[in-house]
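*Asks:* final_15.pdb is reproduced below (PDB, C-alpha atoms (C1' of nucleotides)).
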ATOM      1  CA  MET A  19     168.827 100.729 209.950
ATOM      2  CA  PRO A  20     167.771 104.328 209.723
ATOM      3  CA  GLU A  21     164.536 104.952 211.628
ATOM      4  CA  LEU A  22     162.979 108.296 212.465
ATOM      5  CA  PRO A  23     165.791 109.586 214.739
ATOM      6  CA  GLU A  24     168.490 108.659 212.229
ATOM      7  CA  VAL A  25     166.613 110.178 209.290
ATOM      8  CA  GLU A  26     165.911 113.325 211.317
ATOM      9  CA  THR A  27     169.626 113.608 212.156
ATOM     10  CA  VAL A  28     170.474 113.281 208.469
ATOM     11  CA  ARG A  29     167.827 115.884 207.616
ATOM     12  CA  ARG A  30     169.293 118.417 210.052
ATOM     13  CA  GLY A  31     172.780 117.909 208.685
ATOM     14  CA  LEU A  32     171.743 117.964 205.066
ATOM     15  CA  ARG A  33     169.544 121.039 205.107
ATOM     16  CA  PRO A  34     172.250 123.737 205.354
ATOM     17  CA  LEU A  35     174.329 121.951 202.728
ATOM     18  CA  LEU A  36     171.577 121.538 200.169
ATOM     19  CA  VAL A  37     169.055 124.369 200.426
ATOM     20  CA  GLY A  38     169.517 126.934 197.660
ATOM     21  CA  ARG A  39     171.742 124.642 195.613
ATOM     22  CA  ARG A  40     170.962 123.898 191.981
ATOM     23  CA  ILE A  41     171.386 120.346 190.700
ATOM     24  CA  LEU A  42     173.700 120.661 187.707
ATOM     25  CA  ASP A  43     174.001 116.972 186.888
ATOM     26  CA  ALA A  44     173.069 113.616 188.370
ATOM     27  CA  GLY A  45     173.533 109.915 187.811
ATOM     28  CA  SER A  46     172.565 106.584 189.301
ATOM     29  CA  HIS A  47     173.064 102.871 189.542
ATOM     30  CA  PRO A  48     171.086 101.228 186.729
ATOM     31  CA  SER A  49     168.006 100.270 188.721
ATOM     32  CA  PRO A  50     164.447 101.607 188.765
ATOM     33  CA  LYS A  51     164.923 102.166 192.501
ATOM     34  CA  PHE A  52     167.604 104.810 191.922
ATOM     35  CA  GLU A  53     167.232 106.076 188.356
ATOM     36  CA  PRO A  54     164.695 108.820 189.243
ATOM     37  CA  ALA A  55     167.630 110.714 190.828
ATOM     38  CA  SER A  56     168.410 112.340 187.481
ATOM     39  CA  GLN A  57     164.907 113.802 187.124
ATOM     40  CA  VAL A  58     165.767 116.804 189.308
ATOM     41  CA  VAL A  59     168.638 118.056 187.152
ATOM     42  CA  GLY A  60     168.204 121.811 186.615
ATOM     43  CA  ALA A  61     166.068 122.344 189.725
ATOM     44  CA  VAL A  62     167.004 124.110 192.992
ATOM     45  CA  ALA A  63     166.455 122.497 196.406
ATOM     46  CA  VAL A  64     164.133 124.664 198.484
ATOM     47  CA  ASP A  65     164.110 122.743 201.779
ATOM     48  CA  VAL A  66     164.811 119.356 203.366
ATOM     49  CA  ASP A  67     161.792 117.838 205.140
ATOM     50  CA  ARG A  68     161.057 114.477 206.712
ATOM     51  CA  ARG A  69     157.931 112.296 206.995
ATOM     52  CA  GLY A  70     158.453 109.104 208.986
ATOM     53  CA  LYS A  71     161.610 107.543 207.565
ATOM     54  CA  TYR A  72     161.367 109.440 204.279
ATOM     55  CA  LEU A  73     163.393 112.508 203.341
ATOM     56  CA  LEU A  74     161.360 114.916 201.195
ATOM     57  CA  ILE A  75     163.242 117.604 199.332
ATOM     58  CA  PRO A  76     160.946 120.167 197.713
ATOM     59  CA  MET A  77     162.412 121.689 194.547
ATOM     60  CA  ASP A  78     161.706 125.071 192.981
ATOM     61  CA  ASP A  79     159.678 123.408 190.197
ATOM     62  CA  HIS A  80     157.144 122.173 192.800
ATOM     63  CA  ARG A  81     158.242 118.587 192.528
ATOM     64  CA  ARG A  82     159.813 116.716 195.436
ATOM     65  CA  LEU A  83     162.866 114.500 195.566
ATOM     66  CA  ILE A  84     162.086 111.572 197.872
ATOM     67  CA  ILE A  85     164.883 109.540 199.469
ATOM     68  CA  HIS A  86     164.365 106.457 201.632
ATOM     69  CA  LEU A  87     167.569 105.144 203.212
ATOM     70  CA  GLY A  88     166.339 101.549 203.507
ATOM     71  CA  MET A  89     168.692  99.542 205.718
ATOM     72  CA  THR A  90     172.131 100.836 204.781
ATOM     73  CA  GLY A  91     171.588 104.148 202.984
ATOM     74  CA  ARG A  92     173.895 107.113 203.665
ATOM     75  CA  LEU A  93     174.106 110.609 202.254
ATOM     76  CA  CYS A  94     177.329 112.591 202.208
ATOM     77  CA  LEU A  95     178.866 115.539 200.425
ATOM     78  CA  ARG A  96     181.963 115.002 198.310
ATOM     79  CA  THR A  97     184.421 117.633 197.121
ATOM     80  CA  PRO A  98     186.325 117.280 193.841
ATOM     81  CA  GLY A  99     189.293 114.953 194.263
ATOM     82  CA  ASP A 100     187.671 112.903 197.046
ATOM     83  CA  PRO A 101     187.513 109.194 196.166
ATOM     84  CA  VAL A 102     184.112 107.854 195.093
ATOM     85  CA  GLY A 103     182.858 105.159 197.444
ATOM     86  CA  PRO A 104     182.225 101.650 196.123
ATOM     87  CA  HIS A 105     178.503 101.635 196.934
ATOM     88  CA  VAL A 106     177.346 104.961 195.495
ATOM     89  CA  ARG A 107     173.912 104.274 193.999
ATOM     90  CA  ALA A 108     173.055 107.865 193.049
ATOM     91  CA  TRP A 109     174.767 111.262 192.986
ATOM     92  CA  TRP A 110     173.807 114.874 192.420
ATOM     93  CA  HIS A 111     176.400 117.411 191.334
ATOM     94  CA  LEU A 112     175.545 120.767 192.920
ATOM     95  CA  ASP A 113     176.525 124.308 192.089
ATOM     96  CA  GLY A 114     179.420 125.280 194.337
ATOM     97  CA  ASP A 115     181.313 122.231 193.029
ATOM     98  CA  ARG A 116     180.148 119.712 195.599
ATOM     99  CA  THR A 117     178.479 116.383 194.942
ATOM    100  CA  LEU A 118     175.826 114.778 197.139
ATOM    101  CA  ASP A 119     176.413 111.019 197.112
ATOM    102  CA  TYR A 120     173.843 108.398 198.051
ATOM    103  CA  HIS A 121     175.596 105.235 199.295
ATOM    104  CA  ASP A 122     173.607 102.074 199.902
ATOM    105  CA  ILE A 123     175.465  98.798 200.378
ATOM    106  CA  ARG A 124     172.401  96.564 200.291
ATOM    107  CA  ARG A 125     170.286  98.636 197.922
ATOM    108  CA  PHE A 126     167.180  98.482 200.109
ATOM    109  CA  GLY A 127     166.754 102.236 199.763
ATOM    110  CA  ARG A 128     164.770 104.051 197.161
ATOM    111  CA  ILE A 129     164.722 107.347 195.300
ATOM    112  CA  ALA A 130     161.673 108.924 193.664
ATOM    113  CA  VAL A 131     160.608 112.256 192.226
ATOM    114  CA  VAL A 132     156.954 113.146 192.685
ATOM    115  CA  GLY A 133     154.554 116.047 192.355
ATOM    116  CA  GLU A 134     151.338 116.095 194.346
ATOM    117  CA  ASP A 135     150.489 112.508 193.487
ATOM    118  CA  LEU A 136     152.013 109.968 195.874
ATOM    119  CA  SER A 137     150.225 106.906 194.519
ATOM    120  CA  GLY A 138     153.541 105.479 193.311
ATOM    121  CA  LEU A 139     154.727 105.422 196.933
ATOM    122  CA  PRO A 140     151.847 103.822 198.826
ATOM    123  CA  THR A 141     153.660 103.572 202.162
ATOM    124  CA  LEU A 142     154.444 107.285 202.109
ATOM    125  CA  ALA A 143     150.956 108.165 200.856
ATOM    126  CA  GLN A 144     149.300 106.236 203.699
ATOM    127  CA  LEU A 145     151.744 107.126 206.442
ATOM    128  CA  GLY A 146     150.276 107.454 209.940
ATOM    129  CA  PRO A 147     150.784 110.457 212.228
ATOM    130  CA  GLU A 148     154.180 111.904 213.026
ATOM    131  CA  PRO A 149     154.988 110.875 216.628
ATOM    132  CA  PHE A 150     155.695 114.490 217.675
ATOM    133  CA  CYS A 151     152.554 115.865 216.042
ATOM    134  CA  PRO A 152     149.582 116.762 218.298
ATOM    135  CA  SER A 153     147.388 114.472 216.194
ATOM    136  CA  PHE A 154     149.302 111.483 217.602
ATOM    137  CA  THR A 155     147.476 110.975 220.887
ATOM    138  CA  PRO A 156     147.126 108.028 223.281
ATOM    139  CA  GLU A 157     143.475 107.774 222.210
ATOM    140  CA  ARG A 158     144.395 107.560 218.554
ATOM    141  CA  LEU A 159     147.090 104.938 219.191
ATOM    142  CA  TRP A 160     144.699 102.835 221.261
ATOM    143  CA  SER A 161     141.934 102.968 218.663
ATOM    144  CA  GLU A 162     144.407 102.058 215.885
ATOM    145  CA  LEU A 163     145.761  99.132 217.879
ATOM    146  CA  ARG A 164     142.264  97.858 218.642
ATOM    147  CA  ARG A 165     141.484  97.527 214.936
ATOM    148  CA  SER A 166     143.997  94.719 214.415
ATOM    149  CA  ARG A 167     144.723  91.360 215.993
ATOM    150  CA  SER A 168     148.345  91.307 214.822
ATOM    151  CA  HIS A 169     151.153  91.182 217.368
ATOM    152  CA  ILE A 170     151.620  94.571 218.970
ATOM    153  CA  LYS A 171     155.205  94.820 217.771
ATOM    154  CA  THR A 172     154.159  94.129 214.192
ATOM    155  CA  GLN A 173     151.591  96.892 214.452
ATOM    156  CA  LEU A 174     154.242  99.349 215.666
ATOM    157  CA  LEU A 175     156.312  98.513 212.586
ATOM    158  CA  ASN A 176     153.302  99.235 210.373
ATOM    159  CA  GLN A 177     153.899 102.811 209.216
ATOM    160  CA  ARG A 178     150.140 103.443 209.039
ATOM    161  CA  VAL A 179     149.834 103.223 212.833
ATOM    162  CA  VAL A 180     152.594 105.726 213.577
ATOM    163  CA  ALA A 181     155.276 106.996 211.219
ATOM    164  CA  GLY A 182     158.965 106.309 211.676
ATOM    165  CA  VAL A 183     159.226 103.435 214.181
ATOM    166  CA  GLY A 184     161.502 100.542 213.162
ATOM    167  CA  ASN A 185     162.852  97.485 214.897
ATOM    168  CA  ILE A 186     165.178  99.198 217.379
ATOM    169  CA  TYR A 187     162.773 101.818 218.695
ATOM    170  CA  ALA A 188     159.839  99.360 218.701
ATOM    171  CA  ASP A 189     161.771  97.092 221.092
ATOM    172  CA  GLU A 190     162.827 100.080 223.200
ATOM    173  CA  ALA A 191     159.304 101.488 223.438
ATOM    174  CA  LEU A 192     157.738  98.136 224.330
ATOM    175  CA  TRP A 193     160.383  97.527 226.995
ATOM    176  CA  ARG A 194     159.838 100.968 228.471
ATOM    177  CA  ALA A 195     156.060 100.530 228.500
ATOM    178  CA  GLY A 196     156.329  97.008 229.979
ATOM    179  CA  ILE A 197     154.388  95.385 227.135
ATOM    180  CA  ASN A 198     155.135  91.953 225.688
ATOM    181  CA  PRO A 199     155.918  92.331 221.973
ATOM    182  CA  ALA A 200     153.777  89.294 221.094
ATOM    183  CA  SER A 201     150.646  90.671 222.796
ATOM    184  CA  ARG A 202     147.695  91.044 220.468
ATOM    185  CA  GLN A 203     145.506  93.259 222.607
ATOM    186  CA  ILE A 204     146.555  95.844 225.153
ATOM    187  CA  SER A 205     144.571  97.811 227.708
ATOM    188  CA  ARG A 206     143.836 101.493 227.413
ATOM    189  CA  PRO A 207     146.377 102.354 230.183
ATOM    190  CA  ALA A 208     148.999 100.196 228.445
ATOM    191  CA  ALA A 209     148.366 102.037 225.171
ATOM    192  CA  SER A 210     148.852 105.289 227.023
ATOM    193  CA  ARG A 211     152.182 104.105 228.430
ATOM    194  CA  LEU A 212     153.194 102.908 224.984
ATOM    195  CA  HIS A 213     152.342 106.269 223.443
ATOM    196  CA  ALA A 214     154.545 108.075 225.960
ATOM    197  CA  ALA A 215     157.329 105.527 225.473
ATOM    198  CA  ILE A 216     157.303 105.880 221.674
ATOM    199  CA  VAL A 217     157.595 109.651 221.884
ATOM    200  CA  ALA A 218     160.320 109.441 224.546
ATOM    201  CA  VAL A 219     162.553 106.869 222.851
ATOM    202  CA  LEU A 220     162.379 108.671 219.511
ATOM    203  CA  ASP A 221     163.119 112.019 221.144
ATOM    204  CA  GLU A 222     166.103 110.560 222.986
ATOM    205  CA  GLY A 223     167.296 108.946 219.771
ATOM    206  CA  ILE A 224     167.293 112.316 218.025
ATOM    207  CA  ARG A 225     168.998 114.068 220.920
ATOM    208  CA  HIS A 226     171.825 111.526 220.821
ATOM    209  CA  GLY A 227     172.315 111.710 217.080
ATOM    210  CA  GLY A 228     170.670 108.382 216.225
ATOM    211  CA  THR A 229     171.650 104.748 216.859
ATOM    212  CA  THR A 230     174.584 103.153 215.026
ATOM    213  CA  PHE A 231     174.893  99.371 215.195
ATOM    214  CA  ARG A 232     176.742  98.941 211.959
ATOM    215  CA  ASP A 233     175.996 101.088 208.968
ATOM    216  CA  TYR A 234     174.241 104.264 210.019
ATOM    217  CA  ARG A 235     176.246 107.498 209.660
ATOM    218  CA  ASN A 236     175.166 111.125 209.636
ATOM    219  CA  VAL A 237     175.911 113.517 206.760
ATOM    220  CA  ALA A 238     179.339 114.238 208.283
ATOM    221  CA  GLY A 239     180.112 110.493 208.186
ATOM    222  CA  ARG A 240     179.972 110.107 211.960
ATOM    223  CA  PRO A 241     178.085 107.410 213.892
ATOM    224  CA  GLY A 242     175.330 108.213 216.374
ATOM    225  CA  LEU A 243     175.677 107.866 220.150
ATOM    226  CA  ASN A 244     172.272 106.459 221.089
ATOM    227  CA  GLN A 245     173.439 102.816 220.901
ATOM    228  CA  HIS A 246     175.144 103.371 224.269
ATOM    229  CA  ARG A 247     171.841 104.372 225.856
ATOM    230  CA  LEU A 248     169.540 101.569 224.693
ATOM    231  CA  ASP A 249     167.872  99.530 227.433
ATOM    232  CA  CYS A 250     166.696  96.600 225.347
ATOM    233  CA  TYR A 251     167.623  96.252 221.664
ATOM    234  CA  GLY A 252     170.910  94.393 221.248
ATOM    235  CA  ARG A 253     171.086  93.483 224.968
ATOM    236  CA  ALA A 254     169.798  89.875 224.877
ATOM    237  CA  GLY A 255     171.615  87.867 227.536
ATOM    238  CA  ALA A 256     172.300  90.974 229.638
ATOM    239  CA  ALA A 257     170.413  91.961 232.779
ATOM    240  CA  CYS A 258     167.228  93.996 232.511
ATOM    241  CA  ARG A 259     167.962  97.453 233.886
ATOM    242  CA  ARG A 260     164.571  97.525 235.604
ATOM    243  CA  CYS A 261     164.258  94.095 237.258
ATOM    244  CA  GLY A 262     167.581  92.290 236.747
ATOM    245  CA  GLU A 263     166.076  89.386 234.785
ATOM    246  CA  THR A 264     168.071  88.209 231.767
ATOM    247  CA  LEU A 265     166.760  89.805 228.566
ATOM    248  CA  ARG A 266     165.721  87.279 225.935
ATOM    249  CA  ARG A 267     165.629  87.254 222.160
ATOM    250  CA  ARG A 268     162.873  85.684 220.083
ATOM    251  CA  VAL A 269     161.426  86.077 216.625
ATOM    252  CA  VAL A 270     158.104  87.893 216.254
ATOM    253  CA  ASP A 271     156.726  87.772 212.701
ATOM    254  CA  ALA A 272     160.223  87.279 211.283
ATOM    255  CA  ARG A 273     161.696  90.222 213.223
ATOM    256  CA  GLY A 274     164.429  89.704 215.796
ATOM    257  CA  THR A 275     162.966  90.906 219.091
ATOM    258  CA  THR A 276     164.556  91.510 222.487
ATOM    259  CA  PHE A 277     162.397  91.755 225.603
ATOM    260  CA  CYS A 278     162.366  91.152 229.347
ATOM    261  CA  PRO A 279     160.429  87.983 230.220
ATOM    262  CA  ARG A 280     159.675  89.323 233.701
ATOM    263  CA  CYS A 281     158.634  92.935 233.261
ATOM    264  CA  GLN A 282     157.121  92.448 229.810
ATOM    265  CA  ARG A 283     154.794  89.589 230.700
ATOM    266  CA  ARG A 284     151.742  88.982 228.573
TER     267      ARG A 284
ATOM    268  C1'  DC B  17     140.335  94.680 202.674
ATOM    269  C1'  DG B  18     143.618  92.696 205.968
ATOM    270  C1'  DC B  19     147.406  90.206 206.445
ATOM    271  C1'  DA B  20     150.927  86.396 206.038
ATOM    272  C1'  DG B  21     154.731  85.157 203.367
ATOM    273  C1'  DC B  22     158.305  85.943 200.259
ATOM    274  C1'  DG B  23     162.080  88.361 197.690
ATOM    275  C1'  DC B  24     165.261  91.843 197.349
ATOM    276  C1'  DC B  25     170.540  92.727 198.687
ATOM    277  C1'  DT B  26     175.461  92.411 200.727
ATOM    278  C1'  DG B  27     178.814  91.887 204.348
ATOM    279  C1'  DA B  28     179.731  89.949 208.760
ATOM    280  C1'  DA B  29     179.962  86.102 211.580
ATOM    281  C1'  DG B  30     179.931  81.348 212.752
ATOM    282  C1'  DG B  31     180.613  76.323 211.710
ATOM    283  C1'  DC B  32     183.441  72.751 210.022
TER     284       DC B  32
ATOM    285  C1'  DT C   1     192.907  79.130 206.132
ATOM    286  C1'  DG C   2     188.924  78.965 203.409
ATOM    287  C1'  DC C   3     184.569  77.719 201.941
ATOM    288  C1'  DC C   4     179.790  77.467 202.964
ATOM    289  C1'  DT C   5     175.617  78.799 205.430
ATOM    290  C1'  DT C   6     173.018  81.893 208.106
ATOM    291  C1'  DC C   7     171.542  86.253 209.558
ATOM    292  C1'  DA C   8     170.243  91.229 209.569
ATOM    293  C1'  DG C   9     165.438  93.786 208.107
ATOM    294  C1'  DG C  10     162.105  97.910 205.530
ATOM    295  C1'  DC C  11     159.140  97.636 202.192
ATOM    296  C1'  DG C  12     156.905  96.202 197.719
ATOM    297  C1'  DC C  13     154.420  92.677 195.922
ATOM    298  C1'  DT C  14     151.476  88.476 195.616
ATOM    299  C1'  DG C  15     147.826  85.687 196.802
ATOM    300  C1'  DC C  16     144.592  83.839 200.126
TER     301       DC C  16
END
Show how you would write the structure in this file as structure tokens.

*Replies:*
Amino acid sequence: MPELPEVETVRRGLRPLLVGRRILDAGSHPSPKFEPASQVVGAVAVDVDRRGKYLLIPMDDHRRLIIHLGMTGRLCLRTPGDPVGPHVRAWWHLDGDRTLDYHDIRRFGRIAVVGEDLSGLPTLAQLGPEPFCPSFTPERLWSELRRSRSHIKTQLLNQRVVAGVGNIYADEALWRAGINPASRQISRPAASRLHAAIVAVLDEGIRHGGTTFRDYRNVAGRPGLNQHRLDCYGRAGAACRRCGETLRRRVVDARGTTFCPRCQRR
DNA sequence: CGCAGCGCCTGAAGGC
DNA sequence: TGCCTTCAGGCGCTGC
């Protein structure tokens, strides 16, 4: 489940492989979610950027190739003679005789080519602040959270509040801030703790190459290391590292959620 | 306009 | 052993 740290790790690996390369040919799985891949044939990749969980690849014709990895998306470079994986949903043949393959077992990902207009991608168009950007402040988070009565965890998963947080890092941040995921209102000091926790867990995720539970791999095909450092997600039934209570799992708005019933009281 | 609920997908895991 | 059911979840869409 690629979230911001996983997508950022992919971005860093992909950039040196792709920048300056011309797309000589491309193809895709027959689905509107992947067919736009072929629209960049003939163009040269100028950079590899990221916004939230989206990869944005500006081309020399001023359009951008957008890739969202969904739940199981992977990007990797293939050399001639390498076997083609069974779940390749799109591919771009580059000058230099390499092919960038987009694998996606469950096809939750998406590919688009856009110019200035992002109206075809409303989630990207309305994305909230980048967590590491100075515009993401405790004040801004608190005022955003006060506008809604949804569960706090659900609000963290809303990409308009802050860009790039998914299920794993939402659970980690709420655990670290000592906030119950089913809270609907939090205090100003709690919002401040949550802000710091979001930034910290995402930063640690990036520094450890992302979190691999099952499918996530970087561009080199290797899993991340951050799964060994998580305090909360995936640890239901184990002891809380802060208070020793047994971590519990429940469902919050249809999302599996792990939390500590003692140090994340309502 | 906000938000709850559903559908999309496939492989892994568990039950019988 | 093998079949069936359930689960994982980001996001687009629908409808209240």

*Asks:* Name the residues captured by the PyMOL selection byres ((chain A) within 7 of (chain B)) when it is applied to the shown file; answer as JSON, numbers by chain.

*Replies:* {"A": [123, 124, 125, 126]}

*Asks:* Translate the PyMOL selection byres ((chain A) within 9 of (chain C)) into a concrete residue list for this structure, as a PyMOL selection string.

*Replies:* chain A and resi 19+88-89+126-127+141+184-185+272-274

*Asks:* Calculate how many Å separate CA of Pro207 (chain A) from CA of Leu174 (chain A), rounding to one decimal.

*Replies:* 16.8 Å

*Asks:* Quick one: everything within 9 Å of region 232-241 of chain A, counting only C-alpha atoms (C1' of nucleotides), minus sequence neighbours fewer than 2 positions away in the same chain. Send it as a ChimeraX atom specification.

*Replies:* /A:19-20,24-25,27-32,89-95,123,227-230,243

*Asks:* On this file, the PyMOL selection byres ((chain A and resi 211-218) around 10) gives some set of residues; write that set as a PyMOL selection string.

*Replies:* chain A and resi 148-151+154-160+174+180+183+187-197+204-210+219-224

*Asks:* Start from the incomplete input, build N, CA and C atoms for region 156-169 of chain A, and deliver everything as a PDB file, in the coordinates of the input.

*Replies:*
ATOM      1  N   PRO A 156     147.348 109.370 222.731  1.00  0.00           N
ATOM      2  CA  PRO A 156     147.126 108.028 223.281  1.00  0.00           C
ATOM      3  C   PRO A 156     145.803 107.426 222.799  1.00  0.00           C
ATOM      4  N   GLU A 157     144.784 108.258 222.681  1.00  0.00           N
ATOM      5  CA  GLU A 157     143.475 107.774 222.210  1.00  0.00           C
ATOM      6  C   GLU A 157     143.580 107.227 220.795  1.00  0.00           C
ATOM      7  N   ARG A 158     144.260 107.987 219.949  1.00  0.00           N
ATOM      8  CA  ARG A 158     144.395 107.560 218.554  1.00  0.00           C
ATOM      9  C   ARG A 158     145.197 106.263 218.451  1.00  0.00           C
ATOM     10  N   LEU A 159     146.296 106.163 219.221  1.00  0.00           N
ATOM     11  CA  LEU A 159     147.090 104.938 219.191  1.00  0.00           C
ATOM     12  C   LEU A 159     146.254 103.757 219.646  1.00  0.00           C
ATOM     13  N   TRP A 160     145.507 103.938 220.732  1.00  0.00           N
ATOM     14  CA  TRP A 160     144.699 102.835 221.261  1.00  0.00           C
ATOM     15  C   TRP A 160     143.650 102.401 220.244  1.00  0.00           C
ATOM     16  N   SER A 161     142.981 103.344 219.625  1.00  0.00           N
ATOM     17  CA  SER A 161     141.934 102.968 218.663  1.00  0.00           C
ATOM     18  C   SER A 161     142.543 102.300 217.433  1.00  0.00           C
ATOM     19  N   GLU A 162     143.727 102.733 216.999  1.00  0.00           N
ATOM     20  CA  GLU A 162     144.407 102.058 215.885  1.00  0.00           C
ATOM     21  C   GLU A 162     144.752 100.622 216.265  1.00  0.00           C
ATOM     22  N   LEU A 163     145.309 100.457 217.462  1.00  0.00           N
ATOM     23  CA  LEU A 163     145.761  99.132 217.879  1.00  0.00           C
ATOM     24  C   LEU A 163     144.587  98.179 218.085  1.00  0.00           C
ATOM     25  N   ARG A 164     143.435  98.720 218.424  1.00  0.00           N
ATOM     26  CA  ARG A 164     142.264  97.858 218.642  1.00  0.00           C
ATOM     27  C   ARG A 164     141.692  97.318 217.339  1.00  0.00           C
ATOM     28  N   ARG A 165     142.061  97.938 216.222  1.00  0.00           N
ATOM     29  CA  ARG A 165     141.484  97.527 214.936  1.00  0.00           C
ATOM     30  C   ARG A 165     142.125  96.256 214.394  1.00  0.00           C
ATOM     31  N   SER A 166     143.267  95.860 214.969  1.00  0.00           N
ATOM     32  CA  SER A 166     143.997  94.719 214.415  1.00  0.00           C
ATOM     33  C   SER A 166     144.269  93.692 215.501  1.00  0.00           C
ATOM     34  N   ARG A 167     144.374  92.434 215.062  1.00  0.00           N
ATOM     35  CA  ARG A 167     144.723  91.360 215.993  1.00  0.00           C
ATOM     36  C   ARG A 167     146.171  90.904 215.774  1.00  0.00           C
ATOM     37  N   SER A 168     146.936  91.651 215.006  1.00  0.00           N
ATOM     38  CA  SER A 168     148.345  91.307 214.822  1.00  0.00           C
ATOM     39  C   SER A 168     149.107  91.528 216.127  1.00  0.00           C
ATOM     40  N   HIS A 169     150.301  90.934 216.201  1.00  0.00           N
ATOM     41  CA  HIS A 169     151.153  91.182 217.368  1.00  0.00           C
ATOM     42  C   HIS A 169     151.406  92.683 217.495  1.00  0.00           C
TER      43      HIS A 169
END
